[in-house]
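**Q** The structure is given below, and queries will be raised subsequently.
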Amino acid sequence: MAKLDVTKLRDQNSKSKKTVNDQIATTAEWFDDRLGLAKGTRIFFNKIFPDHWSFMLGEIALYSFVVLLVTGIFLTLYYVPSASLMIYHGSYAPLRGTVVSAAYNSTVNLSLHVRFGLLVRQMHHWAADIFLGAIAVHMCRVFFTGAFRKPRELNWIVGVTLLILGIVEGFLGYSLPDDLISGTGLRIMFSVTESIPIVGTHLAFWIFGGNYPGDGSIIPRMFIAHVLLIPALLAALIGVHLALLVKQKHTQFPGPGKTEKNVVGTPMWPGFMFKTQGFMFLVVGVIALLGAFAQINPIWQYGQYLPYKVSYAVQPDWYMGWLDGALRIMPSWEFQYHSFIIPNQFFPSILLPGIAFNIFIIWPFIEAKIKKDKSEHNLLERPRDNPMRTAIGAGALTFFFMLFAASATDVLANYLTISLNIVLWFFRIATYIIPFLVAAIAYRVCIELQRAGDGAGKRKRFNVVWRSDTGEYFTEKSPARSDDVDYLDGEPEESLELTPEVSKMVNEKADLIASDRNGSQESTDSDPEDLQQISRD
Amino acid sequence: MNLKNAPIKSVVLVVAVIALSLLYSLMANGGNGALKNVKNVSAVGATTPSPTSNVSLVGSTNKPVSPGSETNNNKAGGQKFVGSLLYQNSGVRATYQQVRQGQTLFDESCSSCHGAYASGTDRAPNLVGLGPATIQFWVSTGRMPLSNPIIQPIRKPVKFTQAQILDIVSFVASQAPGGVLIPNIKGVNSATLAEGASLFDINCAGCHTITGAGDALASGAYAPSLHQATPEQVAEAIRTGPANMPRFNPGVLTNAQVNSLVKYVTQGIQHPDNAGGWNLGGVGPVAEGFIGLLIGVGLLVLAAFWVGDRK
């Protein structure tokens with residue numbers, strides 16, 4: 001069919017000049033003859049994607065991953081993954097003549113000497129923060145709308161795996177420059193690895209090549225994991241994530257014409273393709289702006305890491321913050337049984353994330369089991385439709401947020417001029433109380449929203465209370481306006497039929513109030529005694 | 001810890017610590033606890049006299065200066081007036097005029113707590129023998145005079161001119177020999193920045209943070225920001241150890257090392273190479289995380305809301 005059209009076009013134009021369209025058609029035909037792409041492309045171009053802004057949150061992560069790949073390739077051209085020591089001879093005066101590692105030296109040089117070096121490095125770092133932030137936001141969308149339910153449990157697991165890999169990748173990335181802050185993070189990671197019962201010490205010594213800081217092999221090892229191993233896994237899993245999305249089709253919110261069996265939305269070509277490409281440019285634009293104007297991780301100010309150097313106010317990047325917070329608020333308990341000891345760090349930094357990620361992974365199955373729900377779901381739920389899930393999600397999110405905030409105990413104490421000890425004890429207690437409060441409030445709000453129906457948030461109508469000449473009180477609803485809905489059943493309200501007498505009095509009173517507001521004291525001929533009050537319900 | 005009783009013990013622990021911290025904060029905010037604290041802390045930096053201890057009034061040791069009504073500026077009690085040494089490695093001594101004016105200023109602004117001759121009261125510590133550097137640091141950073149005795153006074157607008165501060169210093173120094181002289185920082189220009197940076201990393205960053213932004217320490221104490229300190233104040237703080245700060249004697253840091261530190265703080269820390277844009281307050285990844293999430297992810301969520309369907 002397509003072939004026929006092209007032939008005809010070519011015949012028609014053989015006498016006149018060839019247009020651009022003809023050239024495209026000829027090229028496409030050449031490829032189609034050899035590869036047979038037309039059929040697949042047609043299916044792909046006609047693929048329907050449901051339109052909702054919240055479905056685009058995952059794309060922020062996708063496109064920041066693209067930025068990470070491109071900027072990361074640039075950085076590998078200048079970064080030297082080596083812990084060998086050398087004298088710094090660069091332009092930054094406070095470091096000149098001091099002994100630094102090749103890794104640190106190359107990172108400072110690529111920041112201060114290489115053209116575009118600092119911009120690309122800052123874009124890479126901001127893109128990493130945004131990548132994981134977007135994953136978190138996307139995960140919340142999927143969770144609160146129930147998009148993980150059958151048949152999409154596998155894709156949920158792939159997504160959680162992407163989150164875990166992303167966190168590890170980010171940690172390795174900001175540990176590579178070998179500056180003061182990254183070294184402090186590695187020191188903590190060494191202790192955390194050591195705290196794993198039985199195998200901990202062996203594992204830590206194996207990874208670092210000896211007792212901390214090891215024989216320097218940690219830097220090339222982290223480098224190869226950061227630029228090859230984990231990115232390859234991430235790219236492959238992102239591929240699987242998208243392939244499953246295409247195969248299983250996207251979920252959609254319930255609405256007119258939308259059912260469990262169909263997909264209503266924009267086709268891939270031209271609508272969705274242009275929208276998503278435009279969105280890619282927005283993502284790249286925001287990352288580029290941050291990279292250009294907001295400083296991130298100025299490692300030349302921090303100096304080379306040496307194990308005996310330490311700075312205060314050192315935190316990990318935000319996605320590791322909740323683990324750091326958990327470490328900070330953990331009381332100094334240790335559990336000993338004869339000669340076996342479980343060190344303190346094991347609970348907040350191995351057990352807590354272990355339990356958390358395992359619950360994330362099996363959550364779709366837990367929910368299906370509780371609800372005894374084995375059916376397929378292609379229509380999404382609004383958060384209010386499933387109050388228990390929303391409450392659990394809100395509580396969990398609050399718990400992680402509290403841990404995250406606890407990683408800034410010192411900064412909070414300093415900025416709010418409160419004693420550090422009080423801040424610490426606040427988090428030790430509030431981290432376990434506030435999530436339950438938030439969960440209870442979220443549950444209550446869901447129930448209220450359900451009851452309110454579609455009229456939630458809409459204006460309620462005035463009640464008019466009036467008194468007759470004989471002293472009786474009556475309550476009437478005020479006349480409906482065009483967009484008023486009944487907040488109990490969500491139906492559009494019809495104008496109430498008032499008796500001409502009441503209607504006249506209401507209007508007169510309204511005029512009176514209006515004239516009062518305008519400051520003009522012109523009297524009206526209505527008798528104010530007749531109407532005692534006009535008030536909001 | 002025995003695992004079996006852990007929950008009960010932890011509850012007891014939590015209650016006990018809340019009670020203790022409440023009690024402590026009560027003591028710290030009012031009452032005498034805080035005052036004792038100030039007294040002890042300030043006294044730490046002052047007990048050892050400097051090797052170059054100065055001489056106050058010749059022939060009137062242990063007697064407070066009472067300039068009286070004499071018109072001759074070079075005489076006190078009919079004797080030749082020899083003022084205290086003020087500066088390290090310099091023969092500059094306080095003049096009689098300075099001591100007299102200093103006493104007036106001290107009477108007005110300091111004596112209600114520190115006593116008429118700086119010997120301390122139950123409200124504030126004894127200043128006699130603390131040395132010129134200590135007095136100049138506390139007054140020139142605006143921390144003194146203090147309106148309300150708190151755990152750790154904060155930096156405020158300075159109440160006196162440079163000359164008036166020196167007057168007060170001269171008066172207090174005239175009361176007794178000893179203490180730390182105002183450090184000589186003439187060598188700062190020839191000091192090396194890199195040595196200062198590396199000394200700062202080892203000795204200072206642990207509390208003041210690597211960018212000198214300052215941070216909270218335990219129990220309401222804090223390490224202040226270094227971004228407003230003058231070269232002289234940095235050297236004075238190193239030598240005298242104000243409040244919670246440890247004191248670094250010449251045996252710990254040589255004069256040349258102090259000069260490099262002064263150079264790094266007043267150049268590297270106060271005017272850092274902020275390539276890369278707005279430095280977000282120099283507090284590291286906490287601020288970066290908030291910007292990344294609120295502005296980065298926030299803007300992009302708004303962008304999604306803009307291009308996406310909003311039904």
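Ordering of the structure tokens sets the chain letters (A, B, ...), residue numbers begin anew at 1 in every chain, and ligands are numbered from 1 in the order given.
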Using DSSP on the backbone coordinates, identify the residues of segment 94-281 of chain B assigned to alpha helix (DSSP H); present them as an MDAnalysis selection string.
**A** chainID B and resid 96:109 111:114 132:140 162:173 193:203 205:208 231:240 255:263
**Q** Put those residues in a file: C-alpha atoms, as a short mmCIF file (atom, residue, chain, number, x, y, z; two decimals), in the first residue's frame.
**A**
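Printed below is again-v7.cif as written:
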```
data_model
loop_
_atom_site.label_atom_id
_atom_site.label_comp_id
_atom_site.auth_asym_id
_atom_site.auth_seq_id
_atom_site.Cartn_x
_atom_site.Cartn_y
_atom_site.Cartn_z
CA TYR B 96 47.51 57.15 80.90
CA GLN B 97 44.85 58.88 78.84
CA GLN B 98 43.66 55.54 77.46
CA VAL B 99 43.43 53.94 80.88
CA ARG B 100 41.41 56.86 82.19
CA GLN B 101 39.00 56.90 79.28
CA GLY B 102 38.80 53.13 79.42
CA GLN B 103 37.80 53.26 83.05
CA THR B 104 34.95 55.62 82.23
CA LEU B 105 33.72 53.36 79.45
CA PHE B 106 34.14 50.29 81.66
CA ASP B 107 32.14 51.95 84.43
CA GLU B 108 29.34 52.74 82.03
CA SER B 109 29.07 49.50 80.10
CA SER B 111 31.08 47.31 85.61
CA SER B 112 27.47 46.41 86.44
CA CYS B 113 28.35 42.76 85.87
CA HIS B 114 32.15 42.55 85.98
CA PRO B 132 44.44 42.43 76.01
CA ALA B 133 43.63 39.86 73.28
CA THR B 134 40.70 38.37 75.20
CA ILE B 135 39.14 41.70 76.05
CA GLN B 136 39.56 43.05 72.53
CA PHE B 137 38.04 39.90 70.98
CA TRP B 138 34.88 39.93 73.10
CA VAL B 139 34.25 43.67 72.73
CA SER B 140 35.28 44.07 69.09
CA GLN B 162 38.28 50.98 67.69
CA ALA B 163 39.88 53.60 69.93
CA GLN B 164 37.30 53.11 72.67
CA ILE B 165 37.84 49.36 72.59
CA LEU B 166 41.57 49.90 73.04
CA ASP B 167 40.78 52.20 75.96
CA ILE B 168 38.78 49.46 77.66
CA VAL B 169 41.53 46.95 76.90
CA SER B 170 44.08 49.33 78.41
CA PHE B 171 42.04 49.79 81.55
CA VAL B 172 41.52 46.07 82.16
CA ALA B 173 45.16 45.33 81.35
CA LEU B 193 47.45 29.97 51.79
CA ALA B 194 47.93 26.23 51.29
CA GLU B 195 49.43 25.77 54.76
CA GLY B 196 46.49 27.70 56.22
CA ALA B 197 44.00 25.54 54.32
CA SER B 198 45.54 22.35 55.54
CA LEU B 199 45.78 23.59 59.15
CA PHE B 200 42.17 24.72 58.92
CA ASP B 201 41.04 21.26 57.74
CA ILE B 202 42.76 19.61 60.68
CA ASN B 203 42.09 22.09 63.50
CA ALA B 205 36.70 22.36 60.17
CA GLY B 206 35.65 19.84 62.81
CA CYS B 207 33.38 22.51 64.36
CA HIS B 208 33.32 25.52 62.04
CA PRO B 231 42.11 39.12 60.72
CA GLU B 232 42.86 40.32 64.25
CA GLN B 233 39.79 38.57 65.69
CA VAL B 234 40.72 35.27 64.03
CA ALA B 235 44.19 35.38 65.58
CA GLU B 236 42.79 36.43 68.96
CA ALA B 237 40.26 33.60 68.93
CA ILE B 238 42.96 31.05 68.12
CA ARG B 239 45.20 32.30 70.94
CA THR B 240 42.57 32.90 73.63
CA ASN B 255 52.96 32.50 65.10
CA ALA B 256 53.66 31.75 61.44
CA GLN B 257 51.00 29.04 61.46
CA VAL B 258 48.49 31.41 63.05
CA ASN B 259 49.28 33.88 60.29
CA SER B 260 48.61 31.27 57.59
CA LEU B 261 45.32 30.38 59.26
CA VAL B 262 44.36 34.06 59.40
CA LYS B 263 45.19 34.36 55.71
#
```
**Q** Counting only C-alpha atoms, a student should be able to say which residues of chain A come within 7 Å of chain B; what is the right answer, written as a VMD selection string?
**A** chain A and resid 51 to 53 56 to 57 93 to 96 98 118 126 129 to 130 133 to 134 283 286 292 to 297 301 to 302 309 to 318 333 to 335 408 410 to 411 413 to 414 418 to 421
**Q** When you look at Gln248 of chain A with a cut-off of 9 Å (counting only C-alpha atoms), what residues show up, excluding the ones that are within fewer than 3 positions of it in the same chain? I need them as a PyMOL selection string.
**A** chain A and resi 151-152+243-245+251
**Q** Would you mind exporting N, CA, C and O atoms of the selected residues as a PDB file, in the first residue's frame?
**A**
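Resulting contents of selection_20.pdb:
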```pdb
ATOM      1  N   PRO A 151      -2.127  -6.431  35.949  1.00  0.00           N
ATOM      2  CA  PRO A 151      -1.001  -7.309  35.589  1.00  0.00           C
ATOM      3  C   PRO A 151       0.365  -6.635  35.693  1.00  0.00           C
ATOM      4  O   PRO A 151       1.291  -7.111  35.048  1.00  0.00           O
ATOM      5  N   ARG A 152       0.534  -5.565  36.451  1.00  0.00           N
ATOM      6  CA  ARG A 152       1.775  -4.794  36.354  1.00  0.00           C
ATOM      7  C   ARG A 152       2.718  -4.985  37.533  1.00  0.00           C
ATOM      8  O   ARG A 152       3.581  -4.159  37.782  1.00  0.00           O
ATOM      9  N   ALA A 243       9.516  -1.511  27.756  1.00  0.00           N
ATOM     10  CA  ALA A 243       8.962  -2.580  26.919  1.00  0.00           C
ATOM     11  C   ALA A 243       7.717  -3.164  27.582  1.00  0.00           C
ATOM     12  O   ALA A 243       6.697  -3.407  26.923  1.00  0.00           O
ATOM     13  N   LEU A 244       7.788  -3.358  28.915  1.00  0.00           N
ATOM     14  CA  LEU A 244       6.619  -3.882  29.629  1.00  0.00           C
ATOM     15  C   LEU A 244       5.465  -2.891  29.556  1.00  0.00           C
ATOM     16  O   LEU A 244       4.299  -3.292  29.430  1.00  0.00           O
ATOM     17  N   LEU A 245       5.799  -1.610  29.624  1.00  0.00           N
ATOM     18  CA  LEU A 245       4.759  -0.576  29.542  1.00  0.00           C
ATOM     19  C   LEU A 245       4.056  -0.645  28.185  1.00  0.00           C
ATOM     20  O   LEU A 245       2.826  -0.606  28.107  1.00  0.00           O
ATOM     21  N   THR A 251      -1.959   2.422  31.979  1.00  0.00           N
ATOM     22  CA  THR A 251      -3.213   2.531  32.732  1.00  0.00           C
ATOM     23  C   THR A 251      -3.867   3.882  32.423  1.00  0.00           C
ATOM     24  O   THR A 251      -3.238   4.771  31.868  1.00  0.00           O
TER      25      THR A 251
END
```
**Q** One number please: atom CA of Pro364 of chain A to atom CA of Phe148 of chain A, in Å, one decimal.
**A**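 Atom CA of Phe148 of chain A lies at a distance of 6.3 Å from atom CA of Pro364 of chain A.
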**Q** Return the single residue from A:Phe55, A:Trp363, A:Tyr319, A:Leu186 that is closest to Val160 of chain A, with distances computed using only C-alpha atoms.
**A**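 Of all the options, A:Trp363 lies closest to Val160 of chain A.
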**Q** When you look at Pro177 of chain A with a cut-off of 7 Å (counting only C-alpha atoms), what residues show up, excluding the ones that are within fewer than 6 positions of it in the same chain? I need them as a ChimeraX atom specification.
**A** /A:103-104,107
**Q** Work out how far atom CA of Gly241 of chain B is from atom CA of Ser225 of chain B, in Å to one decimal.
**A** 15.2 Å
**Q** Applying 6 Å and only C-alpha atoms, which residues near Gln345 of chain A remain after dropping the ones on its own chain fewer than 3 positions away? List them as a PyMOL selection string.
**A** chain A and resi 192+348-349
**Q** Report the distance between atom CA of Pro153 of chain B and atom CA of Ser407 of chain A in Å, rounded to one decimal place.
**A** 27.0 Å
**Q** For Leu403 of chain A, work out the shell of residues within 8 Å, counting only C-alpha atoms and skipping chain neighbours fewer than 3 positions away, then give it as a PDB file with C-alpha atoms, in the first residue's frame.
**A**
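For reference, out.pdb as written:
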```pdb
ATOM      1  CA  GLY A 321      19.836  11.152  53.558  1.00  0.00           C
ATOM      2  CA  TRP A 322      17.215   8.885  55.104  1.00  0.00           C
ATOM      3  CA  LEU A 323      19.900   6.262  55.817  1.00  0.00           C
ATOM      4  CA  ASP A 324      22.171   8.871  57.377  1.00  0.00           C
ATOM      5  CA  GLY A 325      19.244  10.173  59.427  1.00  0.00           C
ATOM      6  CA  ALA A 326      18.466   6.663  60.647  1.00  0.00           C
ATOM      7  CA  PHE A 399       8.505   8.119  58.015  1.00  0.00           C
ATOM      8  CA  PHE A 400      11.117   8.403  55.283  1.00  0.00           C
ATOM      9  CA  ALA A 406      16.991  13.806  60.771  1.00  0.00           C
ATOM     10  CA  SER A 407      20.121  13.690  58.627  1.00  0.00           C
ATOM     11  CA  PHE A 427      13.547  13.083  65.820  1.00  0.00           C
ATOM     12  CA  THR A 431       9.916   9.800  63.632  1.00  0.00           C
TER      13      THR A 431
END
```
